[in-house]
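Everything below belongs to protein_35.cif, which stores mmCIF, C-alpha atoms.
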```cif
data_input
loop_
_atom_site.label_atom_id
_atom_site.label_comp_id
_atom_site.auth_asym_id
_atom_site.auth_seq_id
_atom_site.Cartn_x
_atom_site.Cartn_y
_atom_site.Cartn_z
CA MET A 1456 0.00 0.00 0.00
CA ARG A 1457 2.92 2.33 0.57
CA SER A 1458 4.45 1.79 -2.85
CA GLY A 1459 4.77 4.87 -5.00
CA ARG A 1460 4.71 7.26 -2.05
CA GLY A 1461 8.06 8.99 -2.53
CA ARG A 1462 8.76 11.33 0.38
CA GLY A 1463 11.16 13.47 -1.59
CA HIS A 1464 8.50 14.81 -3.91
CA VAL A 1465 8.48 18.62 -4.14
CA LEU A 1466 4.90 18.79 -2.88
CA GLY A 1467 5.43 16.23 -0.14
CA PRO A 1468 4.27 12.60 -0.15
CA ARG A 1469 2.70 11.20 -3.28
CA LEU A 1470 -0.79 10.15 -2.34
CA GLY A 1471 -1.60 8.05 -5.38
CA ARG A 1472 -3.51 8.35 -8.62
CA ARG A 1473 -6.97 8.19 -7.04
CA PHE A 1474 -6.26 11.07 -4.71
CA GLY A 1475 -4.82 12.95 -7.68
CA TRP A 1476 -8.14 12.67 -9.51
CA LEU A 1477 -10.04 13.74 -6.39
CA TRP A 1478 -7.74 16.73 -5.93
CA ALA A 1479 -8.09 17.74 -9.60
CA ALA A 1480 -11.89 17.46 -9.35
CA TYR A 1481 -11.89 19.64 -6.25
CA GLY A 1482 -9.72 22.28 -7.93
CA THR A 1483 -11.88 22.36 -11.05
CA SER A 1484 -15.14 22.88 -9.17
CA ALA A 1485 -13.53 25.41 -6.81
CA LEU A 1486 -12.29 27.45 -9.77
CA GLY A 1487 -15.76 27.38 -11.32
CA THR A 1488 -17.28 28.58 -8.05
CA TRP A 1489 -14.91 31.55 -7.84
CA LEU A 1490 -15.38 32.38 -11.52
CA ALA A 1491 -19.10 32.79 -10.76
CA PHE A 1492 -18.48 34.65 -7.49
CA GLY A 1493 -21.11 37.40 -7.17
CA ALA A 1494 -22.90 36.34 -10.36
CA PHE A 1495 -26.29 35.70 -8.76
CA PRO A 1496 -26.56 39.15 -7.11
CA LEU A 1497 -25.51 40.77 -10.40
CA ILE A 1498 -28.11 38.77 -12.33
CA ALA A 1499 -30.75 39.69 -9.75
CA VAL A 1500 -29.92 43.41 -10.00
CA GLN A 1501 -29.10 43.79 -13.70
CA VAL A 1502 -31.53 41.30 -15.24
CA LEU A 1503 -34.40 41.08 -12.75
CA ASP A 1504 -34.26 44.58 -11.20
CA ALA A 1505 -34.20 43.06 -7.71
CA GLY A 1506 -33.99 45.27 -4.62
CA PRO A 1507 -31.63 45.03 -1.63
CA ALA A 1508 -33.92 42.68 0.32
CA GLU A 1509 -34.12 40.23 -2.56
CA VAL A 1510 -30.37 40.32 -3.14
CA ALA A 1511 -29.73 39.65 0.56
CA ALA A 1512 -32.17 36.74 0.44
CA LEU A 1513 -30.12 35.03 -2.27
CA SER A 1514 -27.21 34.57 0.13
CA SER A 1515 -28.83 34.40 3.55
CA VAL A 1516 -32.14 32.63 2.91
CA GLY A 1517 -30.68 30.43 0.19
CA ALA A 1518 -27.86 29.26 2.45
CA ALA A 1519 -30.11 28.75 5.47
CA VAL A 1520 -32.77 26.76 3.60
CA GLY A 1521 -30.06 24.79 1.81
CA ALA A 1522 -28.56 23.86 5.18
CA ALA A 1523 -31.96 22.72 6.45
CA VAL A 1524 -32.50 20.59 3.35
CA ALA A 1525 -29.07 19.00 3.86
CA VAL A 1526 -29.82 17.87 7.44
CA PRO A 1527 -31.42 14.50 6.54
CA LEU A 1528 -28.79 13.88 3.85
CA GLY A 1529 -25.99 13.34 6.40
CA PRO A 1530 -27.42 10.07 7.79
CA TRP A 1531 -28.43 9.09 4.25
CA VAL A 1532 -24.82 9.48 3.02
CA GLU A 1533 -23.33 7.61 5.99
CA PHE A 1534 -24.46 4.18 4.91
CA ARG A 1535 -23.82 4.50 1.19
CA ARG A 1536 -20.72 4.35 -0.96
CA LYS A 1537 -19.37 7.87 -1.15
CA ARG A 1538 -18.11 8.08 -4.74
CA PRO A 1539 -21.59 7.77 -6.29
CA VAL A 1540 -22.82 10.42 -3.86
CA LEU A 1541 -19.99 12.77 -4.88
CA ILE A 1542 -20.79 12.28 -8.55
CA GLY A 1543 -24.50 12.73 -7.92
CA MET A 1544 -24.01 16.00 -6.02
CA ASP A 1545 -21.76 17.36 -8.77
CA LEU A 1546 -24.37 16.49 -11.39
CA ALA A 1547 -27.16 17.99 -9.26
CA ARG A 1548 -25.27 21.29 -8.97
CA CYS A 1549 -24.49 21.23 -12.69
CA ALA A 1550 -28.14 20.62 -13.63
CA ALA A 1551 -29.46 23.28 -11.25
CA LEU A 1552 -27.05 25.93 -12.50
CA LEU A 1553 -27.70 25.10 -16.16
CA THR A 1554 -31.34 26.09 -15.72
CA VAL A 1555 -30.23 29.72 -15.24
CA PRO A 1556 -28.62 30.33 -18.68
CA VAL A 1557 -31.36 28.23 -20.34
CA ALA A 1558 -34.13 30.30 -18.71
CA PHE A 1559 -32.24 33.51 -19.49
CA ALA A 1560 -31.91 32.56 -23.15
CA CYS A 1561 -35.65 31.84 -23.26
CA GLY A 1562 -36.53 35.10 -21.50
CA ALA A 1563 -38.14 33.15 -18.65
CA LEU A 1564 -35.68 33.74 -15.80
CA THR A 1565 -37.33 34.75 -12.50
CA PHE A 1566 -36.14 35.60 -9.00
CA PRO A 1567 -37.87 32.55 -7.39
CA GLN A 1568 -35.87 30.36 -9.80
CA LEU A 1569 -32.59 31.99 -8.72
CA LEU A 1570 -33.56 31.46 -5.08
CA LEU A 1571 -34.46 27.81 -5.70
CA VAL A 1572 -31.18 27.20 -7.53
CA SER A 1573 -29.24 28.76 -4.66
CA VAL A 1574 -31.00 26.40 -2.21
CA VAL A 1575 -30.27 23.32 -4.34
CA VAL A 1576 -26.62 24.29 -4.80
CA ALA A 1577 -26.19 25.02 -1.08
CA ALA A 1578 -27.71 21.67 -0.05
CA ALA A 1579 -25.69 19.75 -2.64
CA ASP A 1580 -22.51 21.56 -1.59
CA ILE A 1581 -22.95 20.55 2.06
CA THR A 1582 -23.70 16.95 1.06
CA PHE A 1583 -20.66 16.86 -1.23
CA ARG A 1584 -18.38 18.13 1.55
CA THR A 1585 -19.85 15.55 3.91
CA ALA A 1586 -19.26 12.67 1.49
CA SER A 1587 -15.80 13.87 0.42
CA GLY A 1588 -14.51 14.02 4.00
CA ALA A 1589 -15.83 10.55 4.73
CA TYR A 1590 -14.39 9.23 1.46
CA LEU A 1591 -10.98 10.79 2.16
CA LYS A 1592 -10.81 8.92 5.47
CA THR A 1593 -11.25 5.60 3.63
CA LEU A 1594 -8.93 6.57 0.78
CA LEU A 1595 -5.81 7.50 2.76
CA PRO A 1596 -4.10 6.30 5.95
CA GLY A 1597 -4.18 8.60 8.96
CA GLU A 1598 -0.64 9.95 8.55
CA ASP A 1599 -1.52 11.36 5.10
CA LEU A 1600 -4.75 13.15 6.02
CA LEU A 1601 -3.01 16.39 6.99
CA VAL A 1602 -1.06 16.41 3.72
CA ALA A 1603 -4.29 15.95 1.74
CA ASN A 1604 -6.20 18.61 3.68
CA ALA A 1605 -3.32 21.05 3.28
CA ARG A 1606 -3.42 20.51 -0.48
CA PHE A 1607 -7.14 21.17 -0.57
CA GLU A 1608 -6.59 24.33 1.47
CA SER A 1609 -3.83 25.48 -0.88
CA THR A 1610 -6.10 24.88 -3.86
CA THR A 1611 -8.85 26.89 -2.21
CA TRP A 1612 -6.64 29.94 -1.89
CA THR A 1613 -5.18 29.53 -5.37
CA THR A 1614 -8.64 29.54 -6.94
CA THR A 1615 -9.61 32.46 -4.68
CA ILE A 1616 -6.75 34.47 -6.19
CA VAL A 1617 -7.30 33.47 -9.80
CA GLY A 1618 -11.08 33.00 -10.03
CA PRO A 1619 -12.63 36.40 -9.19
CA PRO A 1620 -10.40 38.46 -11.55
CA LEU A 1621 -11.07 36.04 -14.42
CA GLY A 1622 -14.76 35.92 -13.52
CA GLY A 1623 -14.90 39.71 -13.36
CA ALA A 1624 -13.36 39.96 -16.83
CA ALA A 1625 -15.80 37.37 -18.17
CA ILE A 1626 -18.73 39.25 -16.64
CA GLY A 1627 -17.50 42.47 -18.23
CA PHE A 1628 -17.31 40.91 -21.72
CA LEU A 1629 -20.05 38.27 -21.63
CA GLY A 1630 -22.29 39.08 -18.68
CA PRO A 1631 -22.86 37.26 -15.36
CA VAL A 1632 -24.90 34.45 -16.91
CA ALA A 1633 -21.78 33.24 -18.75
CA THR A 1634 -19.92 32.66 -15.47
CA VAL A 1635 -22.87 30.63 -14.13
CA LEU A 1636 -22.54 28.44 -17.23
CA ALA A 1637 -18.81 28.07 -16.55
CA ASP A 1638 -19.58 27.06 -12.96
CA ALA A 1639 -22.03 24.42 -14.17
CA VAL A 1640 -19.43 23.00 -16.57
CA SER A 1641 -16.87 22.86 -13.74
CA TYR A 1642 -19.17 20.56 -11.75
CA LEU A 1643 -19.62 18.33 -14.77
CA LEU A 1644 -15.83 18.09 -15.16
CA SER A 1645 -15.52 17.36 -11.44
CA ALA A 1646 -18.01 14.50 -11.75
CA LEU A 1647 -16.06 13.08 -14.68
CA GLY A 1648 -12.82 13.32 -12.69
CA ILE A 1649 -14.28 11.47 -9.72
CA ARG A 1650 -15.71 8.88 -12.10
CA ALA A 1651 -12.22 8.41 -13.59
CA MET A 1652 -10.74 7.54 -10.18
CA GLY A 1653 -11.78 3.92 -10.54
CA GLY A 1654 -10.85 1.42 -7.87
CA HIS A 1655 -13.04 -0.36 -5.37
CA GLU A 1656 -14.78 1.45 -2.54
CA PRO A 1657 -15.77 -0.85 0.33
CA ARG A 1658 -19.41 -0.92 1.25
CA PRO A 1659 -20.08 0.68 4.68
CA GLU A 1660 -19.97 -1.96 7.41
CA HIS A 1661 -23.16 -0.98 9.20
CA ARG A 1662 -26.15 -0.60 6.97
CA ARG A 1663 -29.61 0.49 7.97
CA ALA A 1664 -32.90 0.69 6.23
CA ALA A 1665 -33.00 3.17 3.39
CA ARG A 1666 -35.49 5.29 5.31
CA VAL A 1667 -33.87 7.81 7.65
CA ARG A 1668 -35.43 7.88 11.11
CA ALA A 1669 -35.99 11.13 12.99
CA GLY A 1670 -33.45 10.16 15.66
CA ASP A 1671 -30.75 9.67 13.03
CA LEU A 1672 -30.82 13.37 12.17
CA LEU A 1673 -29.19 14.28 15.48
CA ASP A 1674 -26.49 11.59 15.52
CA GLY A 1675 -23.79 13.95 14.22
CA TRP A 1676 -24.49 16.57 16.86
CA ARG A 1677 -24.64 13.91 19.59
CA HIS A 1678 -21.18 12.69 18.66
CA ILE A 1679 -19.70 16.20 18.55
CA LEU A 1680 -21.22 17.32 21.84
CA ALA A 1681 -20.22 14.09 23.61
CA ASP A 1682 -16.56 14.40 22.56
CA ALA A 1683 -14.60 16.64 24.93
CA ALA A 1684 -12.09 17.46 22.19
CA LEU A 1685 -14.53 18.20 19.36
CA ARG A 1686 -17.13 20.09 21.38
CA PRO A 1687 -15.14 23.29 22.04
CA LEU A 1688 -13.68 23.25 18.54
CA PHE A 1689 -17.18 22.98 17.09
CA PHE A 1690 -18.42 26.07 18.93
CA ASN A 1691 -15.18 27.92 18.17
CA THR A 1692 -15.52 27.30 14.44
CA ALA A 1693 -19.20 28.20 14.25
CA LEU A 1694 -18.74 31.47 16.18
CA PHE A 1695 -15.50 32.52 14.50
CA ASN A 1696 -16.66 31.83 10.95
CA GLY A 1697 -20.02 33.46 11.55
CA LEU A 1698 -18.58 36.67 13.00
CA VAL A 1699 -15.88 37.03 10.36
CA MET A 1700 -18.34 36.55 7.50
CA ALA A 1701 -21.00 38.75 9.13
CA VAL A 1702 -18.87 41.90 8.71
CA GLU A 1703 -18.20 41.38 5.00
CA PRO A 1704 -21.35 43.26 3.81
CA LEU A 1705 -20.66 46.09 6.28
CA LEU A 1706 -17.08 46.33 5.10
CA ALA A 1707 -18.32 46.59 1.52
CA VAL A 1708 -20.66 49.41 2.53
CA LEU A 1709 -17.80 51.34 4.13
CA MET A 1710 -15.26 50.78 1.38
CA LEU A 1711 -17.50 51.17 -1.67
CA GLY A 1712 -19.84 53.72 -0.17
CA ARG A 1713 -18.58 56.07 2.52
CA PHE A 1714 -14.86 55.94 1.63
CA GLY A 1715 -15.31 55.77 -2.14
CA PHE A 1716 -12.97 52.92 -3.00
CA ALA A 1717 -13.23 51.74 -6.61
CA PRO A 1718 -14.48 48.18 -7.18
CA TRP A 1719 -11.02 47.12 -8.40
CA GLN A 1720 -9.49 48.41 -5.16
CA TYR A 1721 -12.07 46.49 -3.13
CA GLY A 1722 -11.23 43.31 -5.04
CA LEU A 1723 -7.50 43.94 -4.71
CA ALA A 1724 -7.83 44.32 -0.95
CA PHE A 1725 -8.93 40.69 -0.66
CA ALA A 1726 -7.20 39.06 -3.65
CA VAL A 1727 -3.60 40.00 -2.78
CA PRO A 1728 -3.77 38.80 0.87
CA SER A 1729 -5.01 35.43 -0.39
CA LEU A 1730 -1.41 34.73 -1.33
CA ALA A 1731 -0.84 34.26 2.39
CA GLY A 1732 -3.24 31.33 2.19
CA LEU A 1733 -0.80 29.49 -0.05
CA ALA A 1734 2.03 30.05 2.41
CA GLY A 1735 -0.03 29.06 5.45
CA SER A 1736 -1.37 25.87 3.91
CA ARG A 1737 2.13 24.81 2.83
CA LEU A 1738 3.46 25.41 6.36
CA ALA A 1739 0.72 23.51 8.20
CA ARG A 1740 2.35 20.07 7.95
CA PRO A 1741 5.95 21.19 8.75
CA LEU A 1742 4.67 23.12 11.76
CA VAL A 1743 2.74 20.10 13.05
CA THR A 1744 5.81 17.91 12.53
CA ARG A 1745 7.95 20.28 14.58
CA PHE A 1746 5.60 21.54 17.28
CA GLY A 1747 2.80 18.96 17.45
CA ARG A 1748 -0.76 19.04 16.21
CA HIS A 1749 -2.41 20.36 19.36
CA ARG A 1750 -0.01 23.28 19.80
CA VAL A 1751 -0.35 24.37 16.17
CA LEU A 1752 -4.14 24.08 16.36
CA VAL A 1753 -4.40 26.21 19.48
CA VAL A 1754 -1.77 28.82 18.56
CA SER A 1755 -3.01 29.36 15.00
CA GLY A 1756 -6.62 29.37 16.25
CA ALA A 1757 -5.76 32.05 18.82
CA LEU A 1758 -3.70 34.16 16.43
CA ARG A 1759 -6.41 34.28 13.78
CA ALA A 1760 -8.72 35.90 16.36
CA LEU A 1761 -6.45 38.93 16.79
CA TRP A 1762 -6.91 40.39 13.31
CA PRO A 1763 -10.61 41.21 12.61
CA VAL A 1764 -10.87 43.97 15.23
CA GLY A 1765 -8.36 45.98 13.17
CA LEU A 1766 -11.00 46.52 10.48
CA ALA A 1767 -12.82 48.90 12.83
CA PHE A 1768 -10.03 51.44 12.21
CA LEU A 1769 -10.60 51.51 8.45
CA GLY A 1770 -10.26 54.91 6.82
CA PRO A 1771 -10.20 56.37 3.30
CA GLY A 1772 -7.31 56.50 0.85
CA THR A 1773 -4.18 54.41 0.49
CA GLY A 1774 -3.80 54.01 4.26
CA GLY A 1775 -7.23 52.43 4.55
CA LEU A 1776 -6.56 50.09 1.65
CA LEU A 1777 -3.24 49.00 3.16
CA LEU A 1778 -4.93 48.47 6.54
CA VAL A 1779 -7.51 46.09 5.05
CA MET A 1780 -4.83 44.24 3.11
CA GLY A 1781 -2.65 43.88 6.20
CA VAL A 1782 -5.50 42.63 8.38
CA GLU A 1783 -6.68 40.18 5.72
CA LEU A 1784 -3.13 38.95 5.11
CA GLY A 1785 -2.60 38.07 8.76
CA LEU A 1786 -6.09 36.60 9.11
CA ILE A 1787 -5.82 34.46 5.99
CA PHE A 1788 -2.36 33.17 6.87
CA CYS A 1789 -3.48 32.00 10.31
CA CYS A 1790 -6.68 30.48 8.92
CA ALA A 1791 -4.73 28.63 6.22
CA VAL A 1792 -2.59 27.00 8.92
CA PHE A 1793 -5.55 26.31 11.20
CA ASN A 1794 -8.06 24.92 8.67
CA PRO A 1795 -6.24 21.77 7.44
CA VAL A 1796 -5.08 20.95 10.98
CA CYS A 1797 -8.65 21.33 12.25
CA ALA A 1798 -10.08 19.23 9.41
CA THR A 1799 -7.55 16.46 10.10
CA TYR A 1800 -8.12 16.63 13.86
CA ARG A 1801 -11.86 16.26 13.28
CA LEU A 1802 -11.40 13.19 11.07
CA GLU A 1803 -9.00 11.61 13.57
CA ARG A 1804 -11.50 12.04 16.40
CA THR A 1805 -14.36 10.46 14.47
CA ALA A 1806 -14.92 6.77 13.81
CA PRO A 1807 -15.38 5.78 10.14
CA ASP A 1808 -19.02 4.78 10.65
CA ARG A 1809 -20.09 8.26 11.76
CA VAL A 1810 -17.86 10.60 9.73
CA ALA A 1811 -20.58 11.64 7.27
CA ARG A 1812 -23.09 12.47 10.02
CA THR A 1813 -20.46 14.41 11.97
CA LEU A 1814 -19.29 16.45 8.98
CA SER A 1815 -22.88 17.12 7.94
CA ALA A 1816 -23.80 18.41 11.40
CA TRP A 1817 -20.65 20.51 11.51
CA THR A 1818 -21.19 22.10 8.10
CA VAL A 1819 -24.91 22.68 8.58
CA THR A 1820 -24.23 24.44 11.88
CA THR A 1821 -21.45 26.68 10.56
CA ARG A 1822 -23.48 27.64 7.47
CA SER A 1823 -26.58 28.35 9.56
CA SER A 1824 -24.68 30.38 12.16
CA THR A 1825 -23.05 32.42 9.40
CA ALA A 1826 -26.43 33.18 7.83
CA LEU A 1827 -27.92 34.11 11.22
CA LEU A 1828 -25.03 36.32 12.33
CA THR A 1829 -24.90 38.03 8.93
CA ALA A 1830 -28.56 38.97 9.31
CA VAL A 1831 -28.03 40.14 12.91
CA TRP A 1832 -25.01 42.25 12.00
CA GLY A 1833 -26.94 43.78 9.12
CA VAL A 1834 -29.45 45.06 11.68
CA LEU A 1835 -26.69 46.19 14.05
CA GLY A 1836 -24.98 48.00 11.18
CA GLY A 1837 -28.16 49.96 10.57
CA LEU A 1838 -28.62 50.80 14.27
CA LEU A 1839 -25.02 51.45 15.36
CA GLY A 1840 -23.31 52.23 12.08
CA PRO A 1841 -21.07 49.91 10.04
CA ARG A 1842 -17.82 50.83 11.82
CA THR A 1843 -19.21 50.22 15.32
CA ALA A 1844 -20.79 46.93 14.27
CA ILE A 1845 -17.50 45.78 12.72
CA GLY A 1846 -15.64 46.70 15.91
CA LEU A 1847 -18.17 44.82 18.05
CA ALA A 1848 -17.73 41.69 15.93
CA GLY A 1849 -13.94 42.03 16.25
CA VAL A 1850 -14.15 42.24 20.03
CA LEU A 1851 -16.35 39.14 20.17
CA VAL A 1852 -13.92 37.27 17.90
CA LEU A 1853 -11.22 37.95 20.51
CA THR A 1854 -13.13 35.65 22.88
CA THR A 1855 -13.17 32.65 20.51
CA PRO A 1856 -9.76 31.24 21.64
CA LEU A 1857 -11.47 30.40 24.94
CA LEU A 1858 -13.37 27.73 23.00
CA LEU A 1859 -10.29 25.95 21.64
CA PRO A 1860 -9.40 22.48 23.03
CA ARG A 1861 -7.17 22.87 26.10
CA ARG A 1862 -5.72 19.39 26.26
CA THR A 1863 -4.20 17.06 23.71
CA ALA A 1864 -6.62 14.35 22.59
CA THR A 1865 -5.41 10.96 21.44
CA PRO A 1866 -6.55 10.05 17.90
CA LEU A 1867 -8.89 7.11 17.64
CA SER A 1868 -7.18 3.82 16.88
CA GLU A 1869 -8.24 2.62 13.45
CA PRO A 1870 -7.04 0.15 10.84
CA ASP A 1871 -5.47 1.48 7.67
CA PRO A 1872 -7.79 1.86 4.69
CA ALA A 1873 -7.78 -0.82 2.05
CA PRO A 1874 -4.99 -0.64 -0.53
CA ASN A 1875 -5.95 1.79 -3.26
CA ARG A 1876 -2.80 3.13 -4.85
CA PRO A 1877 -1.01 1.75 -7.85
#
```
Representation of the structure as structure tokens:
Amino acid sequence: MRSGRGRGHVLGPRLGRRFGWLWAAYGTSALGTWLAFGAFPLIAVQVLDAGPAEVAALSSVGAAVGAAVAVPLGPWVEFRRKRPVLIGMDLARCAALLTVPVAFACGALTFPQLLLVSVVVAAADITFRTASGAYLKTLLPGEDLLVANARFESTTWTTTIVGPPLGGAAIGFLGPVATVLADAVSYLLSALGIRAMGGHEPRPEHRRAARVRAGDLLDGWRHILADAALRPLFFNTALFNGLVMAVEPLLAVLMLGRFGFAPWQYGLAFAVPSLAGLAGSRLARPLVTRFGRHRVLVVSGALRALWPVGLAFLGPGTGGLLLVMGVELGLIFCCAVFNPVCATYRLERTAPDRVARTLSAWTVTTRSSTALLTAVWGVLGGLLGPRTAIGLAGVLVLTTPLLLPRRTATPLSEPDPAPNRP
């Protein structure tokens, strides 16, 4: 099983052909997602003459309803082979997105259709992430999980840097509907890549009736809350992610409205710091090797909490732009170290027969908390002003290190996955 895993490879261990296909599929769909970044709000405004409330509903309501729809899919995924689920979710996202350019070409596009597509894509995205994490745990041995998660993290930041500028150019020349079509094609290519992986995936050991019982829906949360190591990390992630994302609309109001930054400056403020994501994700494994997983998890988790409060001091001009870029650079670097270590830690603490339910519960909670806190901070921004609301979120983020695991937890003892590499 260890054959072909040269440790001197420039990118670290070689994880085999099947992981290579999975990684390529992930990168393709991630690039498509970033190419279409902001396309739905633009379509709503430019094509459908939607107002602010409708535009906000595309992100908040769509994500929240999508998360609710995904709740029963976690137990459903648990007791099925994961590769067919991954392919199915890619094809579902492709089909849903394709309805937008088709309806646009026919002059039949409506706002309810955009909202429904956003719900389907959100639910399929959560289910895909659930199945991919569970599949990764069966595909690779435990010592390679951090390497794989770091590569996914690096790919995320690479596509974040490349995608929006290319998508913005495509929108300028072809319109936002063209980038939705590109996103749909990326999911089709991802499905083909996962299909090309080949190999045998073992059937889950414990199978239940196809019908999901009401009690099964809470199994993921029960496992998380019963685990002394996962419980604080779960609350930390939900609160941190929600607060950081909640200030994004307020920051846009300040930068594009009050302080008069050009759209290209606003994009630059977030694109350039994403380079730090590449550095952080590449350093995650060497840091864990030298200092230990628990120390890196806690230190990077604490350091990432120090940055958001700096956005409250945003001002106009070059100084304000440099401030945002500096804050985002530090925040992204720490997150890029933290995220793959956290993802690996979570997989190590979860038995194979409950990974899908655990990841589903985790993702549903973080998506829902982000949607809720974004709505709350929108209200606070109107009552207190954007700058005060941003500062309040930053202060609350400073408390999130208190929710990090305080003691080292021993990974669960598990057998290696079945041989799968040539």
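Taken over the shown file, the PyMOL selection byres ((chain A and resi 1470-1480) around 6) identifies Arg1469, Tyr1481, Gly1482, Thr1483, Ser1645, Gly1648, Ile1649, Met1652 and Arg1876 of chain A.
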Export, as a tab-separated table (two decimals), keeping the file's coordinate frame, the selected residues with C-alpha atoms.
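What follows is the written file selection07.tsv:
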```
chain	number	residue	atom	x	y	z
A	1469	ARG	CA	2.70	11.20	-3.28
A	1481	TYR	CA	-11.89	19.64	-6.25
A	1482	GLY	CA	-9.72	22.28	-7.93
A	1483	THR	CA	-11.88	22.36	-11.05
A	1645	SER	CA	-15.52	17.36	-11.44
A	1648	GLY	CA	-12.82	13.32	-12.69
A	1649	ILE	CA	-14.28	11.47	-9.72
A	1652	MET	CA	-10.74	7.54	-10.18
A	1876	ARG	CA	-2.80	3.13	-4.85
```
Next on the checklist: With distances taken over only C-alpha atoms, which residue among A:Val1819, A:Leu1730, A:Val1852, A:Val1635 lies nearest A:Ala1519?
Outcome noted: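 So, comparing all the options, the nearest one is A:Val1819.
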Next on the checklist: Starting from the PyMOL selection byres ((chain A and resi 1618) around 9), expand the selection into actual residues of this file and give them as number ranges by chain.
Outcome noted: A: 1485-1492, 1613-1617, 1619-1623
Checklist entry - Using the chain letters and numbers from the file, which residues does the PyMOL selection byres ((chain A and resi 1712-1720) around 12) grab, as an NGL selection string? => result :A and (1619-1620 or 1623-1624 or 1704-1711 or 1721-1727 or 1769-1777 or 1779-1780 or 1840-1842)
Next on the checklist: Under the rule that only C-alpha atoms are counted, which of A:Gly1836, A:Val1782, A:Leu1564, A:Glu1509 is the nearest residue to A:Arg1759?
Outcome noted: A:Val1782
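The shell of residues at most 10 Å from A:Arg1536, with only C-alpha atoms counted and near chain neighbours (fewer than 4 positions) removed, consists of Val1532, Val1540, Leu1541, Ala1586, Ala1589, Tyr1590, Glu1656, Pro1657, Arg1658 and Pro1659 of chain A.
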Item to check | Å distance separating atom CA of A:Gly1517 from atom CA of A:Val1574, one decimal place | outcome: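 If I compute the distance from atom CA of A:Gly1517 to atom CA of A:Val1574, I get 4.7 Å.
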